[in-house]
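S.K.: Structure in C-alpha coordinates, see below.
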Amino acid sequence: MFSGVAVASPVVVVSSSSGIDALTESQVRQIFNGQLRRISGVSVKPLDLPAKNDSRDDFYQAVMGKSAEQIKSYWARMIFTGRGMPPREVSSEREMVVLIASDQSYVGYVDEAKVPAGVKVVYRP
(Lines give C-alpha, C1' and ligand atoms only; values in the text may rest on other atoms or scores of the structure.)
Protein backbone atom coordinates (compact mmCIF):
# COMPACT_ATOMS: atom_id res chain seq x y z
CA MET A 1 0.00 0.00 0.00
CA PHE A 2 1.09 3.55 -0.63
CA SER A 3 1.74 5.76 2.34
CA GLY A 4 0.21 8.82 0.71
CA VAL A 5 3.43 10.80 0.89
CA ALA A 6 3.95 12.76 -2.30
CA VAL A 7 7.48 12.86 -3.59
CA ALA A 8 8.30 15.88 -5.73
CA SER A 9 11.06 15.56 -8.24
CA PRO A 10 13.80 18.11 -8.87
CA VAL A 11 13.24 20.65 -11.63
CA VAL A 12 15.83 22.79 -13.42
CA VAL A 13 15.52 26.51 -12.76
CA VAL A 14 17.06 29.78 -13.96
CA SER A 15 16.57 33.41 -12.98
CA SER A 16 13.15 34.76 -13.89
CA SER A 17 14.99 37.48 -15.85
CA SER A 18 16.99 34.94 -17.89
CA GLY A 19 16.52 34.78 -21.65
CA ILE A 20 16.26 30.99 -21.39
CA ASP A 21 12.64 29.84 -21.36
CA ALA A 22 13.06 26.08 -21.80
CA LEU A 23 15.78 23.45 -21.93
CA THR A 24 15.78 19.99 -23.44
CA GLU A 25 16.99 16.94 -21.54
CA SER A 26 20.04 16.87 -23.80
CA GLN A 27 20.89 20.50 -23.01
CA VAL A 28 20.50 19.89 -19.27
CA ARG A 29 22.81 16.87 -19.47
CA GLN A 30 25.39 18.87 -21.44
CA ILE A 31 25.25 21.79 -19.00
CA PHE A 32 25.76 19.59 -15.95
CA ASN A 33 28.54 17.49 -17.51
CA GLY A 34 30.48 20.56 -18.64
CA GLN A 35 29.93 20.28 -22.40
CA LEU A 36 27.61 23.27 -22.88
CA ARG A 37 28.47 26.76 -21.66
CA ARG A 38 26.18 28.93 -23.82
CA ILE A 39 22.59 28.61 -25.00
CA SER A 40 21.31 31.04 -27.64
CA GLY A 41 24.10 33.46 -26.74
CA VAL A 42 23.36 33.24 -23.00
CA SER A 43 26.21 32.06 -20.76
CA VAL A 44 25.23 29.19 -18.44
CA LYS A 45 26.96 28.23 -15.19
CA PRO A 46 25.59 25.18 -13.38
CA LEU A 47 25.22 25.01 -9.61
CA ASP A 48 25.17 21.78 -7.61
CA LEU A 49 23.80 20.90 -4.18
CA PRO A 50 26.05 19.29 -1.51
CA ALA A 51 27.08 15.67 -2.05
CA LYS A 52 24.79 14.17 0.60
CA ASN A 53 21.65 16.09 -0.47
CA ASP A 54 18.69 13.87 -1.50
CA SER A 55 17.62 16.30 -4.26
CA ARG A 56 21.09 15.98 -5.80
CA ASP A 57 20.77 12.20 -5.93
CA ASP A 58 17.26 12.46 -7.38
CA PHE A 59 18.39 14.99 -9.98
CA TYR A 60 21.29 12.93 -11.27
CA GLN A 61 19.18 9.75 -11.38
CA ALA A 62 16.31 11.47 -13.22
CA VAL A 63 18.33 13.54 -15.69
CA MET A 64 21.67 11.81 -16.16
CA GLY A 65 20.58 8.25 -15.40
CA LYS A 66 23.52 7.97 -12.99
CA SER A 67 24.01 7.98 -9.25
CA ALA A 68 25.72 10.88 -7.50
CA GLU A 69 28.71 8.55 -6.96
CA GLN A 70 28.95 7.84 -10.69
CA ILE A 71 28.87 11.59 -11.39
CA LYS A 72 31.60 12.12 -8.79
CA SER A 73 33.74 9.53 -10.62
CA TYR A 74 33.06 11.24 -13.95
CA TRP A 75 34.27 14.59 -12.57
CA ALA A 76 37.35 13.00 -10.99
CA ARG A 77 38.34 11.73 -14.46
CA MET A 78 37.57 15.07 -16.12
CA ILE A 79 39.64 17.00 -13.56
CA PHE A 80 42.52 14.51 -13.74
CA THR A 81 42.70 14.75 -17.54
CA GLY A 82 42.29 18.54 -17.51
CA ARG A 83 39.06 18.43 -19.53
CA GLY A 84 36.76 20.21 -17.16
CA MET A 85 35.63 21.31 -13.74
CA PRO A 86 32.44 20.24 -11.96
CA PRO A 87 29.55 22.63 -11.31
CA ARG A 88 30.03 25.04 -8.42
CA GLU A 89 28.77 23.40 -5.24
CA VAL A 90 26.56 25.50 -2.98
CA SER A 91 25.79 24.82 0.68
CA SER A 92 21.99 24.56 0.44
CA GLU A 93 18.91 24.92 -1.76
CA ARG A 94 18.45 28.37 -0.23
CA GLU A 95 21.90 29.50 -1.39
CA MET A 96 21.24 27.99 -4.82
CA VAL A 97 18.00 29.92 -5.38
CA VAL A 98 19.48 33.17 -4.04
CA LEU A 99 22.39 32.90 -6.51
CA ILE A 100 20.13 31.91 -9.41
CA ALA A 101 17.66 34.73 -8.74
CA SER A 102 20.52 37.26 -8.65
CA ASP A 103 22.44 36.13 -11.77
CA GLN A 104 20.96 35.26 -15.17
CA SER A 105 23.79 32.87 -16.03
CA TYR A 106 23.26 30.39 -13.17
CA VAL A 107 21.35 27.16 -13.75
CA GLY A 108 20.38 24.87 -10.91
CA TYR A 109 17.77 22.49 -9.64
CA VAL A 110 15.37 22.45 -6.71
CA ASP A 111 12.59 20.24 -5.48
CA GLU A 112 9.51 21.03 -7.59
CA ALA A 113 7.47 21.66 -4.44
CA LYS A 114 9.95 24.36 -3.32
CA VAL A 115 10.28 26.57 -6.43
CA PRO A 116 10.41 30.13 -5.03
CA ALA A 117 9.67 33.51 -6.58
CA GLY A 118 12.54 34.96 -8.63
CA VAL A 119 13.26 31.77 -10.55
CA LYS A 120 11.50 29.96 -13.38
CA VAL A 121 11.34 26.29 -14.24
CA VAL A 122 12.94 25.52 -17.61
CA TYR A 123 13.00 21.72 -17.46
CA ARG A 124 11.00 18.98 -15.74
CA PRO A 125 12.41 15.43 -15.97
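By convention in this document, the chains of the C-alpha coordinates carry letters A, B, ... by their order, each chain's residues are numbered from 1, and ligands are numbered from 1 in the order they are shown.
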Gln70 of chain A: which residues within 12 Å, counting only C-alpha atoms, same-chain residues fewer than 4 positions away excluded, as a list in words?

M.R.: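 Non-adjacent residues within range: Asn33, Ala51, Asp57, Tyr60, Gln61, Met64, Gly65, Lys66, Tyr74, Trp75, Ala76 and Arg77 of chain A.
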
S.K.: Could you pull out all residues of chain A with a DSSP call of strand (DSSP E) and give them as number ranges by chain?

M.R.: A: 10-15, 38-39, 42-43, 45-48, 88-89, 106-111, 119-123

S.K.: In Å, how far is it from atom CA of Ala68 of chain A to atom CA of Lys52 of chain A?

M.R.: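 Separation of atom CA of Ala68 of chain A and atom CA of Lys52 of chain A: 8.8 Å.
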
S.K.: State, in Å with one decimal place, the distance from atom CA of Met96 of chain A to atom CA of Arg56 of chain A.

M.R.: 12.0 Å

S.K.: Of the candidates A:Asp58, A:Phe80, A:Glu89, A:Pro50, which shows the shortest atom-to-atom distance to Asp111 of chain A, using only C-alpha atoms?

M.R.: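 Comparing A:Asp58, A:Phe80, A:Glu89, A:Pro50 against Asp111 of chain A, the winner is A:Asp58.
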
S.K.: Looking at only C-alpha atoms, which of A:Ser9, A:Val98, A:Arg37, A:Ile20 is the one that sits closest to Gly84 of chain A?

M.R.: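 Looking only at the distances to Gly84 of chain A, the closest residue turns out to be A:Arg37.
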
S.K.: If we count only C-alpha atoms and set the cut-off at 7 Å, which residues sit around segment 116-123 of chain A, ignoring sequence neighbours fewer than 2 positions away in its own chain? Please answer as a tab-separated table (two decimals) with all heavy atoms, in the first residue's frame.

M.R.:
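This is the output file around34.tsv:
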```tsv
chain	number	residue	atom	x	y	z
A	11	VAL	N	13.43	19.97	-10.36
A	11	VAL	CA	13.24	20.65	-11.63
A	11	VAL	C	14.41	21.60	-11.85
A	11	VAL	O	15.02	22.06	-10.89
A	11	VAL	CB	11.90	21.42	-11.69
A	11	VAL	CG1	10.72	20.46	-11.69
A	11	VAL	CG2	11.78	22.42	-10.56
A	12	VAL	N	14.72	21.89	-13.09
A	12	VAL	CA	15.83	22.79	-13.42
A	12	VAL	C	15.28	24.21	-13.49
A	12	VAL	O	14.23	24.45	-14.11
A	12	VAL	CB	16.50	22.38	-14.75
A	12	VAL	CG1	17.61	23.36	-15.13
A	12	VAL	CG2	17.05	20.96	-14.64
A	13	VAL	N	15.98	25.13	-12.83
A	13	VAL	CA	15.52	26.51	-12.76
A	13	VAL	C	16.62	27.49	-13.16
A	13	VAL	O	17.81	27.19	-13.05
A	13	VAL	CB	15.01	26.87	-11.34
A	13	VAL	CG1	13.77	26.07	-10.97
A	13	VAL	CG2	16.09	26.67	-10.29
A	14	VAL	N	16.18	28.66	-13.64
A	14	VAL	CA	17.06	29.78	-13.96
A	14	VAL	C	16.41	31.04	-13.39
A	14	VAL	O	15.26	31.00	-12.94
A	14	VAL	CB	17.27	29.94	-15.49
A	14	VAL	CG1	17.98	28.74	-16.09
A	14	VAL	CG2	15.95	30.21	-16.21
A	15	SER	N	17.12	32.13	-13.44
A	15	SER	CA	16.57	33.41	-12.98
A	15	SER	C	15.34	33.76	-13.80
A	15	SER	O	15.28	33.50	-15.00
A	15	SER	CB	17.63	34.50	-13.16
A	15	SER	OG	17.06	35.78	-12.95
A	16	SER	N	14.36	34.38	-13.16
A	16	SER	CA	13.15	34.76	-13.89
A	16	SER	C	13.46	35.82	-14.95
A	16	SER	O	12.69	35.99	-15.89
A	16	SER	CB	12.07	35.26	-12.93
A	16	SER	OG	12.55	36.31	-12.14
A	21	ASP	N	14.01	30.16	-21.76
A	21	ASP	CA	12.64	29.84	-21.36
A	21	ASP	C	12.41	28.35	-21.19
A	21	ASP	O	11.49	27.94	-20.49
A	21	ASP	CB	11.64	30.41	-22.37
A	21	ASP	CG	11.61	31.92	-22.33
A	21	ASP	OD1	11.65	32.50	-21.22
A	21	ASP	OD2	11.54	32.54	-23.41
A	22	ALA	N	13.21	27.54	-21.89
A	22	ALA	CA	13.06	26.08	-21.80
A	22	ALA	C	14.37	25.42	-22.19
A	22	ALA	O	15.14	25.96	-22.98
A	22	ALA	CB	11.94	25.62	-22.72
A	23	LEU	N	14.61	24.26	-21.60
A	23	LEU	CA	15.78	23.45	-21.93
A	23	LEU	C	15.32	22.04	-22.26
A	23	LEU	O	14.34	21.56	-21.70
A	23	LEU	CB	16.76	23.40	-20.75
A	23	LEU	CG	17.44	24.70	-20.35
A	23	LEU	CD1	18.22	24.50	-19.05
A	23	LEU	CD2	18.36	25.20	-21.44
A	24	THR	N	16.05	21.39	-23.14
A	24	THR	CA	15.78	19.99	-23.44
A	24	THR	C	16.57	19.13	-22.47
A	24	THR	O	17.51	19.61	-21.82
A	24	THR	CB	16.20	19.63	-24.87
A	24	THR	OG1	17.63	19.75	-24.97
A	24	THR	CG2	15.52	20.51	-25.90
A	100	ILE	N	20.82	31.98	-8.12
A	100	ILE	CA	20.13	31.91	-9.41
A	100	ILE	C	19.27	33.15	-9.63
A	100	ILE	O	19.29	33.74	-10.71
A	100	ILE	CB	19.28	30.63	-9.52
A	100	ILE	CG1	20.20	29.41	-9.62
A	100	ILE	CG2	18.34	30.69	-10.72
A	100	ILE	CD1	19.50	28.08	-9.48
A	101	ALA	N	18.53	33.56	-8.62
A	101	ALA	CA	17.66	34.73	-8.74
A	101	ALA	C	18.46	36.00	-9.00
A	101	ALA	O	17.98	36.92	-9.65
A	101	ALA	CB	16.81	34.89	-7.49
A	114	LYS	N	9.30	23.23	-4.00
A	114	LYS	CA	9.95	24.36	-3.32
A	114	LYS	C	10.42	25.45	-4.27
A	114	LYS	O	11.31	26.22	-3.93
A	114	LYS	CB	11.16	23.85	-2.53
A	114	LYS	CG	10.83	22.85	-1.45
A	114	LYS	CD	12.10	22.37	-0.78
A	114	LYS	CE	11.84	21.29	0.23
A	114	LYS	NZ	13.09	20.76	0.79
A	125	PRO	N	12.08	16.79	-15.50
A	125	PRO	CA	12.41	15.43	-15.97
A	125	PRO	C	11.16	14.58	-16.12
A	125	PRO	O	10.18	14.78	-15.51
A	125	PRO	CB	13.28	14.86	-14.86
A	125	PRO	CG	13.70	16.00	-14.02
A	125	PRO	CD	12.72	17.09	-14.23
```

S.K.: Just list as an MDAnalysis selection string whatever in segment 17-110 of chain A DSSP marks as alpha helix (DSSP H).

M.R.: chainID A and resid 25:32 54:59 68:80 93:102

S.K.: Could you please determine the separation between atom CA of Ala62 of chain A and atom CA of Ser43 of chain A in Å, to one decimal place?

M.R.: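 It comes out at 24.1 Å.
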
S.K.: So that I can check the surroundings of Pro86 of chain A, please list as a list of chain:residue names every protein, DNA and RNA residue that reaches within 9 Å of it, counting only C-alpha atoms and ignoring chain neighbours fewer than 5 positions away.

M.R.: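 Answer for this query is A:Phe32, A:Asn33, A:Gly34, A:Pro46, A:Leu47, A:Asp48, A:Lys72, A:Trp75, A:Ala76, A:Met78, A:Ile79.
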
S.K.: What's around Leu49 of chain A at 9 Å? Count only C-alpha atoms, leave out sequence neighbours fewer than 5 positions away in its own chain, and write the answer as a list in words.

M.R.: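 Selected residues are Ser55, Arg56, Arg88, Glu89, Val90, Ser91, Ser92, Glu93, Met96, Gly108, Tyr109 and Val110 of chain A.
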
S.K.: Of the residues A:Glu69, A:Asp54, A:Glu25, A:Asp103, which is the one nearest to Pro10 of chain A, using only C-alpha atoms?

M.R.: A:Asp54

S.K.: With only C-alpha atoms as the basis for distance, which of A:Val63, A:Ile31, A:Val42, A:Ile71 is at the shortest distance from Gln104 of chain A?

M.R.: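 Of all the options, A:Val42 lies closest to Gln104 of chain A.
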